[in-house]
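The structure file work30.txt is reproduced below (compact mmCIF, C-alpha atoms).
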```
# COMPACT_ATOMS: atom_id res chain seq x y z
CA ASP A 28 -9.26 -16.85 -10.60
CA ALA A 29 -8.04 -13.47 -11.82
CA LYS A 30 -6.23 -11.16 -9.44
CA THR A 31 -7.85 -7.96 -8.20
CA THR A 32 -6.30 -4.68 -7.07
CA GLN A 33 -8.02 -2.35 -4.60
CA PRO A 34 -6.86 0.73 -2.71
CA PRO A 35 -5.96 -0.26 0.86
CA SER A 36 -8.16 2.33 2.50
CA MET A 37 -10.55 5.20 1.94
CA ASP A 38 -12.67 7.56 3.99
CA CYS A 39 -16.22 8.56 3.23
CA ALA A 40 -18.57 11.14 4.73
CA GLU A 41 -21.78 9.86 6.26
CA GLY A 42 -24.73 10.36 3.92
CA ARG A 43 -22.54 10.66 0.86
CA ALA A 44 -22.04 8.07 -1.84
CA ALA A 45 -18.98 5.85 -1.45
CA ASN A 46 -17.35 4.72 -4.69
CA LEU A 47 -15.01 1.75 -4.26
CA PRO A 48 -12.81 0.92 -7.26
CA CYS A 49 -11.43 -2.46 -8.24
CA ASN A 50 -9.08 -3.39 -11.05
CA HIS A 51 -9.24 -6.87 -12.57
CA SER A 52 -7.42 -6.47 -15.85
CA THR A 53 -6.83 -10.21 -16.36
CA ILE A 54 -10.49 -11.19 -15.96
CA SER A 55 -11.69 -13.82 -18.39
CA GLY A 56 -15.04 -14.32 -20.03
CA ASN A 57 -16.46 -16.81 -17.55
CA GLU A 58 -15.49 -14.88 -14.43
CA TYR A 59 -17.95 -12.91 -12.33
CA VAL A 60 -17.10 -9.93 -10.14
CA TYR A 61 -18.24 -10.37 -6.53
CA TRP A 62 -18.19 -7.94 -3.66
CA TYR A 63 -18.21 -8.95 -0.01
CA ARG A 64 -17.65 -6.86 3.07
CA GLN A 65 -16.45 -7.71 6.54
CA ILE A 66 -17.47 -5.64 9.50
CA HIS A 67 -15.12 -5.85 12.46
CA SER A 68 -15.30 -9.18 14.33
CA GLN A 69 -17.86 -10.64 11.93
CA GLY A 70 -17.69 -13.04 9.00
CA PRO A 71 -17.76 -11.65 5.45
CA GLN A 72 -21.14 -10.65 4.06
CA TYR A 73 -22.16 -10.92 0.42
CA ILE A 74 -23.08 -7.60 -1.21
CA ILE A 75 -23.53 -8.06 -4.95
CA HIS A 76 -22.13 -9.74 -8.03
CA GLY A 77 -22.21 -9.23 -11.80
CA LEU A 78 -20.84 -10.46 -15.09
CA LYS A 79 -21.16 -7.73 -17.71
CA ASN A 80 -24.15 -5.57 -16.93
CA ASN A 81 -24.47 -3.10 -14.12
CA GLU A 82 -26.31 -4.49 -11.13
CA THR A 83 -28.24 -2.92 -8.27
CA ASN A 84 -29.76 -4.33 -5.13
CA GLU A 85 -30.90 -2.96 -1.80
CA MET A 86 -27.34 -2.65 -0.54
CA ALA A 87 -25.33 -1.28 -3.43
CA SER A 88 -24.78 -0.81 -7.14
CA LEU A 89 -22.07 -2.47 -9.20
CA ILE A 90 -20.74 -0.72 -12.29
CA ILE A 91 -18.57 -2.85 -14.59
CA THR A 92 -16.66 -1.19 -17.42
CA GLU A 93 -17.37 -2.31 -20.95
CA ASP A 94 -14.00 -4.07 -21.26
CA ARG A 95 -14.66 -5.66 -17.81
CA LYS A 96 -11.18 -4.77 -16.64
CA SER A 97 -12.42 -2.73 -13.72
CA SER A 98 -15.50 -2.17 -11.63
CA THR A 99 -16.86 0.19 -9.00
CA LEU A 100 -19.03 -0.63 -6.02
CA ILE A 101 -21.28 2.24 -5.06
CA LEU A 102 -22.83 2.61 -1.63
CA PRO A 103 -25.39 5.32 -2.40
CA HIS A 104 -25.79 6.83 1.07
CA ALA A 105 -23.04 5.63 3.36
CA THR A 106 -23.87 5.20 7.05
CA LEU A 107 -21.58 4.61 10.01
CA ARG A 108 -22.61 0.95 9.89
CA ASP A 109 -21.01 0.66 6.44
CA THR A 110 -17.56 0.98 8.02
CA ALA A 111 -15.91 -2.30 7.02
CA VAL A 112 -13.32 -3.96 4.81
CA TYR A 113 -14.70 -4.39 1.29
CA TYR A 114 -13.41 -7.22 -0.87
CA CYS A 115 -13.61 -7.36 -4.64
CA ILE A 116 -13.34 -10.96 -5.85
CA VAL A 117 -13.23 -12.38 -9.35
CA ARG A 118 -14.57 -15.88 -9.50
CA ALA A 119 -15.00 -18.35 -12.30
CA THR A 120 -18.25 -20.23 -12.20
CA ILE A 121 -17.46 -23.22 -14.35
CA LYS A 122 -17.38 -26.56 -12.64
CA ALA A 123 -13.67 -27.13 -13.18
CA ALA A 124 -12.75 -23.92 -11.43
CA GLY A 125 -13.91 -25.05 -8.02
CA ASN A 126 -15.94 -22.98 -5.68
CA LYS A 127 -13.64 -21.13 -3.37
CA LEU A 128 -13.57 -17.38 -2.93
CA THR A 129 -10.09 -15.88 -3.26
CA PHE A 130 -9.91 -12.80 -1.07
CA GLY A 131 -7.26 -10.12 -1.50
CA GLY A 132 -6.43 -7.41 0.98
CA GLY A 133 -9.61 -5.44 0.38
CA THR A 134 -10.32 -1.75 0.97
CA ARG A 135 -10.76 -0.57 4.52
CA VAL A 136 -13.60 1.96 4.38
CA LEU A 137 -14.13 4.35 7.25
CA VAL A 138 -17.39 6.30 7.21
CA LYS A 139 -17.04 9.48 9.20
CA PRO A 140 -19.83 11.55 10.73
CA ASP B 9 -31.63 -17.16 13.94
CA THR B 10 -31.20 -19.33 10.83
CA GLY B 11 -27.72 -18.20 9.82
CA VAL B 12 -24.44 -20.12 9.94
CA SER B 13 -23.32 -20.78 13.49
CA GLN B 14 -19.89 -21.73 14.79
CA ASP B 15 -18.79 -23.06 18.13
CA PRO B 16 -16.83 -22.09 20.10
CA ARG B 17 -16.43 -18.41 19.28
CA HIS B 18 -13.09 -18.26 21.03
CA LYS B 19 -10.54 -20.93 21.89
CA ILE B 20 -7.25 -20.53 23.73
CA THR B 21 -4.99 -23.53 23.80
CA LYS B 22 -1.40 -24.45 24.47
CA ARG B 23 0.97 -25.45 21.74
CA GLY B 24 0.78 -29.16 21.03
CA GLN B 25 -2.84 -29.59 22.07
CA ASN B 26 -5.61 -30.72 19.73
CA VAL B 27 -8.64 -28.52 19.07
CA THR B 28 -11.93 -29.12 17.29
CA PHE B 29 -14.33 -26.54 15.91
CA ARG B 30 -17.91 -27.05 14.82
CA CYS B 31 -19.91 -25.35 12.09
CA ASP B 32 -23.66 -25.60 11.58
CA PRO B 33 -24.62 -24.34 8.11
CA ILE B 34 -27.94 -22.91 6.98
CA SER B 35 -30.20 -25.95 7.06
CA GLU B 36 -30.97 -26.40 3.37
CA HIS B 37 -27.45 -25.59 2.15
CA ASN B 38 -25.58 -28.51 0.64
CA ARG B 39 -22.17 -26.82 0.37
CA LEU B 40 -19.96 -25.99 3.32
CA TYR B 41 -16.62 -24.18 3.27
CA TRP B 42 -13.83 -23.57 5.74
CA TYR B 43 -11.56 -20.51 5.54
CA ARG B 44 -8.77 -19.19 7.74
CA GLN B 45 -8.09 -15.51 8.38
CA THR B 46 -5.02 -14.06 10.05
CA LEU B 47 -4.86 -10.53 11.38
CA GLY B 48 -4.98 -7.87 8.68
CA GLN B 49 -5.41 -10.37 5.86
CA GLY B 50 -8.38 -11.54 3.85
CA PRO B 51 -9.79 -15.03 4.44
CA GLU B 52 -7.95 -17.95 2.81
CA PHE B 53 -9.78 -21.00 1.53
CA LEU B 54 -9.06 -24.29 3.31
CA THR B 55 -11.58 -26.84 2.07
CA TYR B 56 -15.16 -27.40 1.01
CA PHE B 57 -17.82 -30.11 1.08
CA GLN B 58 -20.76 -30.85 -1.10
CA ASN B 59 -23.09 -32.80 1.15
CA GLU B 60 -20.74 -35.24 2.96
CA ALA B 61 -18.09 -35.36 0.23
CA GLN B 62 -14.95 -33.28 0.66
CA LEU B 63 -14.35 -32.03 -2.88
CA GLU B 64 -11.40 -29.67 -2.60
CA LYS B 65 -8.56 -29.07 -0.16
CA SER B 66 -6.09 -26.20 -0.16
CA ARG B 67 -2.35 -26.70 0.16
CA LEU B 68 -2.78 -24.74 3.40
CA LEU B 69 -4.53 -27.75 4.90
CA SER B 70 -1.55 -29.62 6.32
CA ASP B 71 -1.61 -33.17 7.65
CA ARG B 72 -2.45 -31.80 11.08
CA PHE B 73 -5.77 -30.49 9.83
CA SER B 74 -8.78 -32.66 9.17
CA ALA B 75 -12.33 -31.71 8.32
CA GLU B 76 -15.42 -33.87 8.27
CA ARG B 77 -19.06 -33.51 7.43
CA PRO B 78 -20.35 -36.98 8.25
CA LYS B 79 -24.06 -36.60 7.57
CA GLY B 80 -23.96 -33.71 5.19
CA SER B 81 -25.16 -31.29 7.84
CA PHE B 82 -22.75 -29.90 10.45
CA SER B 83 -18.99 -30.01 9.96
CA THR B 84 -16.00 -30.23 12.27
CA LEU B 85 -12.47 -28.95 11.74
CA GLU B 86 -9.80 -30.54 13.90
CA ILE B 87 -6.25 -29.29 14.30
CA GLN B 88 -3.82 -31.71 15.88
CA ARG B 89 -0.62 -30.71 17.67
CA THR B 90 -1.40 -27.03 17.39
CA GLU B 91 1.39 -24.57 16.62
CA GLN B 92 1.55 -20.85 17.28
CA GLY B 93 1.21 -20.24 13.54
CA ASP B 94 -2.25 -21.79 13.68
CA SER B 95 -3.52 -18.77 15.61
CA ALA B 96 -6.19 -17.25 13.37
CA MET B 97 -9.91 -16.81 12.85
CA TYR B 98 -11.48 -19.93 11.36
CA LEU B 99 -14.53 -19.09 9.27
CA CYS B 100 -17.22 -21.40 8.00
CA ALA B 101 -19.55 -20.60 5.13
CA SER B 102 -22.39 -22.40 3.39
CA SER B 103 -24.17 -22.11 0.07
CA LEU B 104 -26.86 -23.85 -1.92
CA ARG B 105 -25.76 -25.63 -5.06
CA LEU B 106 -28.72 -26.17 -7.33
CA ALA B 107 -28.58 -29.42 -9.26
CA GLY B 108 -28.62 -29.61 -13.02
CA GLY B 109 -26.46 -26.68 -14.04
CA PRO B 110 -22.75 -26.42 -14.83
CA THR B 111 -22.27 -23.17 -12.99
CA ASP B 112 -22.47 -22.12 -9.41
CA TYR B 113 -22.67 -18.46 -8.64
CA ASN B 114 -24.60 -18.66 -5.43
CA GLU B 115 -23.45 -16.49 -2.61
CA GLN B 116 -21.70 -17.93 0.38
CA PHE B 117 -23.08 -17.11 3.81
CA PHE B 118 -20.44 -16.85 6.50
CA GLY B 119 -20.61 -17.60 10.18
CA PRO B 120 -19.08 -15.37 12.87
CA GLY B 121 -15.90 -17.46 13.06
CA THR B 122 -13.91 -19.17 15.79
CA ARG B 123 -10.91 -17.24 16.99
CA LEU B 124 -8.05 -19.58 17.93
CA THR B 125 -5.13 -18.44 20.03
CA VAL B 126 -2.25 -20.88 20.48
CA LEU B 127 0.05 -19.98 23.37
```

Spell out the structure here as structure tokens.
Amino acid sequence: DAKTTQPPSMDCAEGRAANLPCNHSTISGNEYVYWYRQIHSQGPQYIIHGLKNNETNEMASLIITEDRKSSTLILPHATLRDTAVYYCIVRATIKAAGNKLTFGGGTRVLVKP
Amino acid sequence: DTGVSQDPRHKITKRGQNVTFRCDPISEHNRLYWYRQTLGQGPEFLTYFQNEAQLEKSRLLSDRFSAERPKGSFSTLEIQRTEQGDSAMYLCASSLRLAGGPTDYNEQFFGPGTRLTVL
């Protein structure tokens, strides 16, 4: 799986949008971009994933650049409960690639009142 | 609650002792994964099962570690002769692999983890 690079930490004001960047310059054509988050003392939680097109669900939006070398996770209205470590993961989905998630260091997001 | 459950949530043991953890996946999920997470790091993959078959093991899974999923439902992870370096959070996840397709992009649902402290 391709390697990802994320800033180690960022702060966000409650009620504002949080934009979390991720670089994955070595991504290949069969690799999806996944985002998970981990709230303190809990297991990781799936947020969203995408291949080429932008995606949106009830939790967040995922914007993938046209060359697919980077992406941004957007939390539209951050709340205090969004304070967590956010992981950007690139994962191949062909059978030979296996099924594990390869987590990096993630971005520690602190939402402040 | 129909999520992934793990037992125990916390385990303190002395070096050299054996420990066993249990994971109960979401009932219809056929894939089950074990990860390990040390303080300040992201989770690291250990192994995964599809039904009762163990299909992949990480190099991190030394000879002292063994995982089973005998009936394709719950799984156990045993660590023999524990060492202080085994202290970590052990996370279990499950997912549903739909038959018939070459790809698997289904999300993994994680349990709350078992925190192991080896003294």

Residues of chain A within 12 Å of chain B, counting all atoms listed in the file, what are they? List them as an mmCIF file with C-alpha atoms, keeping the file's coordinate frame.
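So result.cif came out as:
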```cif
data_model
loop_
_atom_site.group_PDB
_atom_site.id
_atom_site.type_symbol
_atom_site.label_atom_id
_atom_site.label_comp_id
_atom_site.auth_asym_id
_atom_site.auth_seq_id
_atom_site.Cartn_x
_atom_site.Cartn_y
_atom_site.Cartn_z
ATOM 1 C CA PRO A 35 -5.960 -0.260 0.860
ATOM 2 C CA ASN A 57 -16.460 -16.810 -17.550
ATOM 3 C CA GLU A 58 -15.490 -14.880 -14.430
ATOM 4 C CA TYR A 59 -17.950 -12.910 -12.330
ATOM 5 C CA VAL A 60 -17.100 -9.930 -10.140
ATOM 6 C CA TYR A 61 -18.240 -10.370 -6.530
ATOM 7 C CA TRP A 62 -18.190 -7.940 -3.660
ATOM 8 C CA TYR A 63 -18.210 -8.950 -0.010
ATOM 9 C CA ARG A 64 -17.650 -6.860 3.070
ATOM 10 C CA GLN A 65 -16.450 -7.710 6.540
ATOM 11 C CA ILE A 66 -17.470 -5.640 9.500
ATOM 12 C CA HIS A 67 -15.120 -5.850 12.460
ATOM 13 C CA SER A 68 -15.300 -9.180 14.330
ATOM 14 C CA GLN A 69 -17.860 -10.640 11.930
ATOM 15 C CA GLY A 70 -17.690 -13.040 9.000
ATOM 16 C CA PRO A 71 -17.760 -11.650 5.450
ATOM 17 C CA GLN A 72 -21.140 -10.650 4.060
ATOM 18 C CA TYR A 73 -22.160 -10.920 0.420
ATOM 19 C CA ILE A 74 -23.080 -7.600 -1.210
ATOM 20 C CA ILE A 75 -23.530 -8.060 -4.950
ATOM 21 C CA HIS A 76 -22.130 -9.740 -8.030
ATOM 22 C CA GLY A 77 -22.210 -9.230 -11.800
ATOM 23 C CA LEU A 78 -20.840 -10.460 -15.090
ATOM 24 C CA VAL A 112 -13.320 -3.960 4.810
ATOM 25 C CA TYR A 113 -14.700 -4.390 1.290
ATOM 26 C CA TYR A 114 -13.410 -7.220 -0.870
ATOM 27 C CA CYS A 115 -13.610 -7.360 -4.640
ATOM 28 C CA ILE A 116 -13.340 -10.960 -5.850
ATOM 29 C CA VAL A 117 -13.230 -12.380 -9.350
ATOM 30 C CA ARG A 118 -14.570 -15.880 -9.500
ATOM 31 C CA ALA A 119 -15.000 -18.350 -12.300
ATOM 32 C CA THR A 120 -18.250 -20.230 -12.200
ATOM 33 C CA ILE A 121 -17.460 -23.220 -14.350
ATOM 34 C CA LYS A 122 -17.380 -26.560 -12.640
ATOM 35 C CA ALA A 123 -13.670 -27.130 -13.180
ATOM 36 C CA ALA A 124 -12.750 -23.920 -11.430
ATOM 37 C CA GLY A 125 -13.910 -25.050 -8.020
ATOM 38 C CA ASN A 126 -15.940 -22.980 -5.680
ATOM 39 C CA LYS A 127 -13.640 -21.130 -3.370
ATOM 40 C CA LEU A 128 -13.570 -17.380 -2.930
ATOM 41 C CA THR A 129 -10.090 -15.880 -3.260
ATOM 42 C CA PHE A 130 -9.910 -12.800 -1.070
ATOM 43 C CA GLY A 131 -7.260 -10.120 -1.500
ATOM 44 C CA GLY A 132 -6.430 -7.410 0.980
ATOM 45 C CA GLY A 133 -9.610 -5.440 0.380
ATOM 46 C CA THR A 134 -10.320 -1.750 0.970
ATOM 47 C CA ARG A 135 -10.760 -0.570 4.520
#
```

Exercise for review: Compare A:Pro48, A:Gly56, A:Gly42, A:Pro140 by their minimum atom-to-atom distance to Ile101 in chain A, counting only C-alpha atoms, and give me the closest one.
Suggested key: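 Smallest separation from Ile101 in chain A among the options: A:Pro48.
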
| request: Find the residues near Ala40 in chain A: any atom within 12 Å, counting all atoms listed in the file, skip ones fewer than 4 places away on the same chain, and give them as a list in words. | output: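 Counting only the stated atoms, we get Ala44, Ala45, Asn46, Leu102, Pro103, His104, Ala105, Thr106, Leu107, Asp109, Thr110, Val136, Leu137, Val138, Lys139 and Pro140 of chain A.
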
From CA of Leu106 in chain B to CA of Glu82 in chain A the spacing works out at 22.1 Å

Among B:Arg72, B:His37, B:Arg77, B:Arg89, Ser102 in chain B is approached most closely, using all atoms listed in the file, by B:His37

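Picture a line from CA of Gln92 in chain B to CA of Thr46 in chain B; it runs 11.9 Å.
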
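What separates CA of Lys19 in chain B from CA of Leu85 in chain B is a distance of 13.1 Å.
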